[in-house]
$ cat entry_30.csv   # CSV, C-alpha atoms
chain,number,residue,atom,x,y,z
A,746,MET,CA,-25.2,9.4,12.1
A,747,PHE,CA,-21.4,9.7,11.9
A,748,SER,CA,-19.9,13.1,11.8
A,749,ARG,CA,-17.6,13.8,8.8
A,750,SER,CA,-14.5,13.6,11.1
A,751,GLY,CA,-15.8,10.4,12.6
A,752,LEU,CA,-16.4,8.9,9.2
A,753,CYS,CA,-12.9,9.8,8.1
A,754,SER,CA,-11.5,8.2,11.3
A,755,MET,CA,-13.6,5.0,10.7
A,756,GLN,CA,-12.4,4.8,7.1
A,757,PHE,CA,-8.8,5.2,8.2
A,758,LEU,CA,-9.0,2.5,10.8
A,759,PHE,CA,-10.6,0.1,8.2
A,760,LYS,CA,-7.8,0.8,5.7
A,761,ARG,CA,-5.3,0.3,8.4
A,762,ARG,CA,-6.6,-3.2,9.4
A,763,VAL,CA,-6.9,-4.3,5.8
A,764,SER,CA,-3.4,-3.1,5.0
A,765,VAL,CA,-1.8,-4.9,7.9
A,766,GLN,CA,-3.6,-8.1,7.1
A,767,ASN,CA,-2.8,-8.0,3.4
A,768,VAL,CA,0.9,-7.3,4.0
A,769,HIS,CA,1.1,-10.2,6.5
A,770,GLN,CA,-0.5,-12.8,4.1
A,771,THR,CA,2.7,-14.8,3.8
A,772,ARG,CA,3.3,-18.5,4.5
A,773,TRP,CA,4.7,-17.7,8.0
A,774,ILE,CA,1.4,-16.4,9.3
A,775,GLY,CA,0.4,-18.3,12.5
A,776,LYS,CA,3.6,-20.4,12.5
A,777,VAL,CA,6.6,-20.1,14.7
A,778,VAL,CA,9.3,-18.3,12.8
A,779,LEU,CA,12.9,-18.9,14.0
A,780,GLU,CA,15.4,-16.4,12.7
A,781,SER,CA,19.1,-15.6,13.4
A,782,LEU,CA,19.7,-12.1,14.6
A,783,GLU,CA,23.1,-11.2,13.1
A,784,SER,CA,22.5,-7.6,14.1
A,785,ARG,CA,22.6,-8.3,17.8
A,786,SER,CA,25.6,-9.2,20.0
A,787,ILE,CA,26.1,-10.1,23.7
A,788,LEU,CA,28.4,-8.7,26.4
A,789,GLY,CA,28.9,-10.5,29.7
A,790,VAL,CA,28.9,-8.6,33.0
A,791,ARG,CA,29.7,-10.5,36.1
A,792,GLY,CA,31.2,-9.8,39.6
A,793,SER,CA,30.1,-8.9,43.1
A,794,ASP,CA,29.4,-5.3,42.0
A,795,ALA,CA,27.6,-6.1,38.8
A,796,VAL,CA,24.2,-5.0,40.1
A,797,PRO,CA,25.1,-1.6,41.4
A,798,PHE,CA,27.4,-1.0,38.5
A,799,LEU,CA,24.6,-1.5,35.9
A,800,GLN,CA,22.0,0.2,38.1
A,801,GLY,CA,23.9,3.5,37.7
A,802,LEU,CA,24.1,3.2,33.9
A,803,ILE,CA,20.7,2.0,32.7
A,804,THR,CA,17.1,3.4,32.6
A,805,ASN,CA,15.5,0.4,34.2
A,806,ASP,CA,15.8,-1.1,37.7
A,807,MET,CA,18.1,-4.1,38.2
A,808,ASN,CA,16.0,-5.1,41.2
A,809,HIS,CA,13.5,-6.6,38.7
A,810,LEU,CA,16.1,-9.2,37.9
A,811,LEU,CA,17.0,-9.8,41.5
A,812,ARG,CA,13.3,-10.4,42.3
A,813,GLY,CA,12.7,-13.2,39.8
A,814,SER,CA,12.6,-11.7,36.3
A,815,THR,CA,15.0,-13.3,33.9
A,816,SER,CA,15.0,-10.5,31.2
A,817,MET,CA,14.6,-6.8,31.2
A,818,TYR,CA,14.5,-4.0,28.6
A,819,ALA,CA,16.7,-0.9,29.2
A,820,MET,CA,18.6,1.9,27.5
A,821,PHE,CA,22.0,3.4,28.2
A,822,LEU,CA,21.9,7.2,28.0
A,823,ASN,CA,24.5,10.0,27.8
A,824,THR,CA,24.7,12.8,30.3
A,825,SER,CA,22.2,14.9,28.3
A,826,GLY,CA,19.6,12.2,28.5
A,827,ARG,CA,19.9,11.0,24.9
A,828,VAL,CA,19.9,7.3,23.9
A,829,LEU,CA,23.3,5.7,23.3
A,830,TYR,CA,22.3,2.0,23.2
A,831,ASP,CA,19.2,0.0,23.6
A,832,SER,CA,19.5,-3.3,25.4
A,833,LEU,CA,17.9,-6.4,26.7
A,834,ILE,CA,19.6,-7.6,29.9
A,835,TYR,CA,19.4,-11.3,30.9
A,836,ARG,CA,19.9,-12.9,34.3
A,837,VAL,CA,21.6,-16.3,34.1
A,838,ASP,CA,22.8,-18.9,36.6
A,839,GLU,CA,26.2,-18.6,38.0
A,840,LYS,CA,27.2,-22.0,36.4
A,841,VAL,CA,26.7,-20.5,32.9
A,842,GLY,CA,29.7,-18.3,33.5
A,843,GLN,CA,28.1,-14.9,33.6
A,844,HIS,CA,25.9,-13.1,36.1
A,845,PHE,CA,24.2,-10.9,33.4
A,846,LEU,CA,24.2,-10.9,29.7
A,847,VAL,CA,23.8,-7.5,28.0
A,848,GLU,CA,22.4,-7.6,24.4
A,849,CYS,CA,23.1,-4.7,22.1
A,850,ASP,CA,23.4,-3.8,18.4
A,851,THR,CA,26.4,-5.6,16.8
A,852,SER,CA,27.7,-2.4,15.2
A,853,VAL,CA,28.2,-0.7,18.6
A,854,VAL,CA,29.3,-3.6,20.8
A,855,GLU,CA,32.8,-2.3,21.0
A,856,GLN,CA,31.6,1.2,21.9
A,857,LEU,CA,29.3,-0.2,24.6
A,858,ALA,CA,32.2,-2.3,26.1
A,859,LYS,CA,34.3,0.9,26.2
A,860,HIS,CA,31.4,2.8,27.8
A,861,LEU,CA,31.0,0.1,30.5
A,862,ASN,CA,34.8,0.0,31.2
A,863,LEU,CA,34.8,3.8,31.5
A,864,PHE,CA,32.7,3.5,34.7
A,865,ARG,CA,34.2,0.3,36.0
A,866,VAL,CA,36.8,2.0,38.1
A,867,ARG,CA,37.3,0.3,41.5
A,868,LYS,CA,34.3,-1.9,41.0
A,869,LYS,CA,34.5,-5.7,41.2
A,870,VAL,CA,33.1,-6.3,37.7
A,871,GLU,CA,34.4,-8.2,34.7
A,872,ILE,CA,33.2,-7.2,31.3
A,873,THR,CA,33.7,-9.6,28.4
A,874,LYS,CA,32.6,-9.9,24.8
A,875,THR,CA,31.0,-13.3,24.1
A,876,ASP,CA,30.7,-15.2,20.9
A,877,MET,CA,27.1,-16.2,21.6
A,878,LYS,CA,24.7,-16.3,18.7
A,879,MET,CA,21.3,-14.5,18.9
A,880,TRP,CA,18.1,-16.0,17.6
A,881,VAL,CA,14.4,-14.9,17.8
A,882,ALA,CA,11.3,-17.0,17.8
A,883,PHE,CA,8.0,-15.2,17.1
A,884,THR,CA,4.6,-15.7,15.5
A,885,ALA,CA,3.2,-13.1,13.1
A,886,GLN,CA,-0.5,-12.3,13.1
A,887,ASN,CA,-3.0,-11.2,10.5
A,888,SER,CA,-3.5,-7.9,12.1
A,889,THR,CA,-2.3,-5.8,15.0
A,890,HIS,CA,-5.6,-6.7,16.9
A,891,ASP,CA,-5.0,-10.4,16.9
A,892,GLN,CA,-4.2,-11.9,20.3
A,893,SER,CA,-0.6,-12.8,20.8
A,894,PRO,CA,-0.3,-16.6,20.5
A,895,ASN,CA,1.6,-18.8,23.0
A,896,ILE,CA,4.7,-20.5,21.7
A,897,ALA,CA,4.9,-24.0,23.1
A,898,LEU,CA,8.4,-24.7,24.4
A,899,LYS,CA,9.9,-27.9,25.4
A,900,LYS,CA,13.0,-28.0,27.7
A,901,ALA,CA,14.9,-24.8,27.4
A,902,ASP,CA,18.3,-26.0,28.4
A,903,ILE,CA,19.1,-28.4,25.5
A,904,ASN,CA,22.8,-28.1,24.5
A,905,GLY,CA,23.3,-25.1,26.6
A,906,THR,CA,20.8,-22.9,24.8
A,907,LEU,CA,19.3,-20.1,26.9
A,908,ILE,CA,15.8,-19.0,26.1
A,909,PHE,CA,14.2,-15.8,27.5
A,910,LYS,CA,10.8,-14.1,26.9
A,911,ASP,CA,11.2,-10.7,25.2
A,912,ALA,CA,10.7,-8.3,28.1
A,913,ARG,CA,9.1,-5.6,25.9
A,914,LEU,CA,6.0,-7.2,24.4
A,915,PRO,CA,4.5,-10.8,24.2
A,916,GLU,CA,4.2,-10.3,20.4
A,917,LEU,CA,8.0,-10.2,20.1
A,918,GLY,CA,8.3,-13.8,21.3
A,919,TYR,CA,11.5,-15.3,22.6
A,920,ARG,CA,15.2,-14.6,22.4
A,921,LEU,CA,17.5,-17.6,22.1
A,922,LEU,CA,21.2,-17.4,23.0
A,923,THR,CA,23.4,-20.2,21.7
A,924,ASN,CA,27.0,-21.0,21.0
A,925,SER,CA,28.4,-19.7,17.7
A,926,SER,CA,28.2,-23.1,15.9
A,927,THR,CA,24.5,-23.6,16.4
A,928,VAL,CA,22.4,-23.9,13.2
A,929,LEU,CA,18.6,-23.6,12.7
A,930,ASN,CA,17.9,-27.3,12.8
A,931,ASP,CA,19.6,-27.6,16.2
A,932,LEU,CA,17.0,-25.3,17.7
A,933,LYS,CA,13.8,-26.9,16.3
A,934,THR,CA,13.9,-29.5,19.1
A,935,HIS,CA,13.0,-26.7,21.6
A,936,PHE,CA,9.6,-26.1,20.2
A,937,SER,CA,6.4,-28.2,20.1
A,938,ASP,CA,5.0,-26.1,17.3
A,939,GLU,CA,5.8,-26.4,13.6
A,940,ILE,CA,8.8,-24.2,12.7
A,941,ASP,CA,8.8,-22.3,9.5
A,942,SER,CA,12.0,-21.2,7.6
A,943,PRO,CA,12.5,-17.4,7.9
A,944,GLN,CA,12.3,-15.0,5.0
A,945,ASN,CA,14.9,-12.3,4.8
A,946,GLY,CA,14.1,-9.6,7.3
A,947,SER,CA,10.9,-11.4,8.7
A,948,PHE,CA,11.5,-10.2,12.2
A,949,VAL,CA,12.4,-6.6,11.2
A,950,GLN,CA,9.1,-6.5,9.2
A,951,HIS,CA,7.3,-7.9,12.2
A,952,ARG,CA,8.8,-5.3,14.6
A,953,TYR,CA,8.0,-2.4,12.3
A,954,SER,CA,4.4,-3.6,12.0
A,955,LEU,CA,4.2,-3.3,15.8
A,956,GLY,CA,6.0,0.1,15.8
A,957,ILE,CA,9.0,-1.1,17.8
A,958,GLY,CA,12.5,0.2,17.2
A,959,GLU,CA,15.7,-1.7,17.9
A,960,GLY,CA,19.4,-0.9,17.2
A,961,VAL,CA,21.2,2.1,15.9
A,962,ILE,CA,19.3,2.4,12.6
A,963,ASN,CA,16.0,3.0,14.5
A,964,LEU,CA,17.5,4.7,17.5
A,965,PRO,CA,20.5,6.7,16.2
A,966,PRO,CA,23.0,7.2,19.1
A,967,GLY,CA,22.9,10.7,20.6
A,968,LYS,CA,20.0,11.8,18.5
A,969,CYS,CA,16.9,10.6,20.3
A,970,PHE,CA,15.3,10.5,23.8
A,971,PRO,CA,14.1,7.3,25.6
A,972,LEU,CA,10.5,8.4,26.0
A,973,GLU,CA,10.2,9.4,22.4
A,974,ASN,CA,11.2,5.9,21.5
A,975,ASN,CA,8.6,4.4,23.8
A,976,CYS,CA,11.0,3.1,26.5
A,977,ASP,CA,8.3,3.8,29.1
A,978,TYR,CA,5.6,1.9,27.1
A,979,LEU,CA,7.9,-1.0,26.6
A,980,HIS,CA,8.7,-1.4,30.4
A,981,GLY,CA,12.2,-0.1,29.9
A,982,VAL,CA,12.5,2.7,32.4
A,983,SER,CA,11.9,3.0,36.1
A,984,PHE,CA,10.8,6.3,37.7
A,985,HIS,CA,11.3,5.1,41.2
A,986,LYS,CA,14.9,3.9,41.3
A,987,GLY,CA,17.9,6.0,42.2
A,988,CYS,CA,20.2,8.1,40.0
A,989,TYR,CA,21.6,7.0,36.7
A,990,ILE,CA,23.3,8.7,33.8
A,991,GLY,CA,20.7,10.8,31.9
A,992,GLN,CA,18.0,10.5,34.6
A,993,GLU,CA,17.3,14.2,35.2
A,994,LEU,CA,15.9,15.1,31.7
A,995,THR,CA,14.1,11.7,31.5
A,996,ALA,CA,12.3,12.2,34.8
A,997,ARG,CA,11.5,15.8,34.1
A,998,THR,CA,10.0,14.9,30.7
A,999,TYR,CA,7.9,12.1,32.2
A,1000,HIS,CA,6.5,14.2,35.1
A,1001,THR,CA,5.6,17.2,32.9
A,1002,GLY,CA,3.7,14.8,30.7
A,1003,VAL,CA,4.8,16.6,27.5
A,1004,ILE,CA,5.9,14.0,24.9
A,1005,ARG,CA,4.8,15.4,21.6
A,1006,LYS,CA,6.8,13.0,19.4
A,1007,ARG,CA,7.0,9.3,19.5
A,1008,LEU,CA,8.3,6.4,17.3
A,1009,MET,CA,5.3,5.2,15.4
A,1010,PRO,CA,4.7,2.4,12.7
A,1011,LEU,CA,4.3,3.4,9.1
A,1012,ILE,CA,2.4,1.4,6.5
A,1013,PHE,CA,3.4,2.3,2.9
A,1014,ASP,CA,0.9,2.1,0.0
A,1015,GLN,CA,3.4,-0.1,-1.9
A,1016,PRO,CA,6.6,-2.0,-0.9
A,1017,VAL,CA,9.7,0.2,-0.9
A,1018,ASP,CA,13.0,-1.4,-2.0
A,1019,CYS,CA,16.0,-1.1,0.2
A,1020,GLY,CA,18.2,1.9,-0.4
A,1021,LEU,CA,15.6,4.1,-2.0
A,1022,LEU,CA,14.9,6.3,1.0
A,1023,PRO,CA,17.7,8.2,2.9
A,1024,GLU,CA,18.1,7.9,6.6
A,1025,ASP,CA,16.4,10.7,8.5
A,1026,ALA,CA,14.2,11.5,5.5
A,1027,GLU,CA,11.6,14.1,6.3
A,1028,ILE,CA,8.0,12.9,6.6
A,1029,LYS,CA,5.4,15.4,5.6
A,1030,THR,CA,1.6,15.7,5.3
A,1031,MET,CA,0.1,16.1,1.9
A,1032,GLU,CA,-0.1,19.8,2.6
A,1033,GLY,CA,3.6,20.0,3.0
A,1034,GLN,CA,3.9,20.3,6.7
A,1035,THR,CA,6.9,18.5,8.2
A,1036,VAL,CA,5.7,16.1,11.0
A,1037,GLY,CA,8.7,13.9,11.6
A,1038,LYS,CA,11.6,11.8,10.3
A,1039,LEU,CA,12.0,8.3,8.9
A,1040,ARG,CA,13.7,5.9,11.3
A,1041,GLY,CA,13.8,2.8,9.1
A,1042,TYR,CA,11.8,0.7,6.7
A,1043,HIS,CA,11.5,-2.8,5.2
A,1044,LYS,CA,9.2,-3.4,2.3
A,1045,THR,CA,5.7,-2.3,3.3
A,1046,PHE,CA,6.4,-1.3,6.9
A,1047,GLY,CA,8.5,1.4,8.5
A,1048,LEU,CA,9.1,3.5,11.6
A,1049,GLY,CA,8.9,7.2,11.9
A,1050,LEU,CA,9.5,9.7,14.8
A,1051,LEU,CA,6.3,11.7,14.4
A,1052,ARG,CA,4.4,14.5,16.0
A,1053,ILE,CA,1.5,12.5,17.3
A,1054,GLU,CA,-1.3,15.1,17.1
A,1055,LYS,CA,-0.3,16.0,13.5
A,1056,VAL,CA,-0.3,12.5,11.9
A,1057,ILE,CA,-3.3,10.5,13.0
A,1058,SER,CA,-5.8,10.0,10.2
A,1059,SER,CA,-3.4,11.8,7.8
A,1060,GLN,CA,-1.9,10.7,4.6
A,1061,LEU,CA,1.9,11.2,4.8
A,1062,MET,CA,4.5,11.5,2.1
A,1063,ILE,CA,8.3,10.9,2.0
A,1064,ALA,CA,10.9,12.1,-0.5
A,1065,GLY,CA,8.7,14.7,-2.0
A,1066,ASN,CA,5.5,13.2,-3.2
A,1067,THR,CA,7.1,9.9,-4.2
A,1068,TYR,CA,6.2,7.5,-1.4
A,1069,HIS,CA,2.9,7.6,0.6
A,1070,CYS,CA,2.2,6.0,3.9
A,1071,LYS,CA,-0.1,6.2,7.0
A,1072,THR,CA,0.4,5.6,10.7
A,1073,PHE,CA,-1.6,4.7,13.7
A,1074,LYS,CA,-1.3,4.4,17.5
A,1075,PRO,CA,-0.3,0.8,18.3
A,1076,ASP,CA,-2.7,-1.1,20.6
A,1077,TRP,CA,0.1,-1.6,23.2
A,1078,TRP,CA,0.5,2.1,23.8
A,1079,LEU,CA,-0.9,3.2,27.2
A,1080,LYS,CA,-4.3,4.7,26.8
A,1081,GLU,CA,-4.4,6.8,29.9
A,1082,GLN,CA,-1.7,9.4,29.0
A,1083,PRO,CA,-3.2,12.3,27.1
A,1084,ILE,CA,-1.3,14.5,24.7
A,1085,LYS,CA,-0.6,18.0,26.1
A,1086,ASN,CA,-0.1,21.0,23.9

$ encode --input "entry_30.csv" --output "structure tokens"
Amino acid sequence: MFSRSGLCSMQFLFKRRVSVQNVHQTRWIGKVVLESLESRSILGVRGSDAVPFLQGLITNDMNHLLRGSTSMYAMFLNTSGRVLYDSLIYRVDEKVGQHFLVECDTSVVEQLAKHLNLFRVRKKVEITKTDMKMWVAFTAQNSTHDQSPNIALKKADINGTLIFKDARLPELGYRLLTNSSTVLNDLKTHFSDEIDSPQNGSFVQHRYSLGIGEGVINLPPGKCFPLENNCDYLHGVSFHKGCYIGQELTARTYHTGVIRKRLMPLIFDQPVDCGLLPEDAEIKTMEGQTVGKLRGYHKTFGLGLLRIEKVISSQLMIAGNTYHCKTFKPDWWLKEQPIKN
């Protein structure tokens, strides 16, 4: 026999799987979706001091790229350990013209360039803003429990296109970096699979369904911490490298094991139109207890920075009692780390 609490948990999990499946029943399920990412831009960092220069500024370890990896997730922090910019960093061949390419939110590319130049003193490093265009190729699944499919690639160097696996999760597919004049049809030759035309915000909805934040909307600069935004779970922080800006608080938080809030996926009962919910809207339980803040939404999915132990198996509400949603622990979260009170 199930206990009452166990039955409630089973009912919650059942509703969660059905909700994810129903929301994803669109014509791009199981197909490769290729979408332009206008919200992301690229800075080039090259020079003989590029590795130690970036090593002192990011949460991850540049040695991963030196030892064979071609892409890496990382965050730039301020001196108090709060996130300034999230980034994917790519290693490219010398002949391409850059040692490393640093991806960031388009709205803060100028600020990141200033941040990098601030610490460039006496270092042999050149920082340039590129006009490269960002694309993403991914395959959405019917539920969060489906196994991530393989995307069949042909040659990855056609017309100078650079293709990298997303270093965070296999479900996020591939990043494609092209010149500014590239259009969708130019990229279809890279894939053996059928390519579907994207719907507006397809990748954002896909990210939110997985519980993954990206850019200043989901990770407001100076207002959040890397571990609260799952940087550790997404392979974006090294606890074995040397010093970097913001390291002290990040390391202390990790070693104490006390991370009470994390960025989590939200599933709304009904699609929510853009602009109806304010940024940083409070998320509450049905009893009125505040358990977190909204960090972005798109139709039926969203993200919330939530107190983990307060929200699992709970119905949540936003903007008074107007919008209802639920959350869950994503399958890609590490299971061996308990919540400490």

$ closest_residue --input "entry_30.csv" --among "A:Pro1010, A:Ala1064, A:Met879, A:Pro1016" --to "Thr1035 in chain A" --atoms "all atoms listed in the file"
A:Ala1064

$ atom_distance --input "entry_30.csv" --atom1 "CA of Leu921 in chain A" --atom2 "CA of Leu907 in chain A"
5.7 Å

$ closest_residue --input "entry_30.csv" --among "A:Leu914, A:Val1056, A:Leu929, A:Met817" --to "Arg952 in chain A" --atoms "all atoms listed in the file"
A:Leu914

$ closest_residue --input "entry_30.csv" --among "A:Asp977, A:Glu783, A:Glu1024, A:Asp876" --to "Arg913 in chain A" --atoms "only C-alpha atoms"
A:Asp977

$ residues_around --input "entry_30.csv" --residues "range 854-856 of chain A" --least-positions-apart "2" --cutoff "9 Å" --atoms "all atoms listed in the file" --output "ChimeraX atom specification"
/A:785-788,848-852,858-861,874

$ atom_distance --input "entry_30.csv" --atom1 "CA of Val837 in chain A" --atom2 "CA of Glu939 in chain A"
27.8 Å

$ atom_distance --input "entry_30.csv" --atom1 "CA of Tyr978 in chain A" --atom2 "CA of Phe821 in chain A"
16.5 Å

$ closest_residue --input "entry_30.csv" --among "A:Ser925, A:Arg1040, A:Val847, A:Gln950" --to "Ala885 in chain A" --atoms "all atoms listed in the file"
A:Gln950

$ residues_around --input "entry_30.csv" --residues "Gly1033 in chain A" --least-positions-apart "5" --cutoff "12 Å" --atoms "all atoms listed in the file" --output "PyMOL selection string"
chain A and resi 1027-1028+1055+1059-1066

$ closest_residue --input "entry_30.csv" --among "A:Thr906, A:Ser784, A:Asn805, A:Ser816" --to "Asp931 in chain A" --atoms "all atoms listed in the file"
A:Thr906

$ closest_residue --input "entry_30.csv" --among "A:Cys1019, A:Cys1070, A:Val828, A:Leu779" --to "Arg920 in chain A" --atoms "only C-alpha atoms"
A:Leu779

$ residues_near_point --input "entry_30.csv" --point "(15.6, 11.1, 32.7)" --cutoff "12 Å" --atoms "all atoms listed in the file" --output "number ranges by chain"
A: 802-805, 820-828, 970-973, 976-977, 982-1001
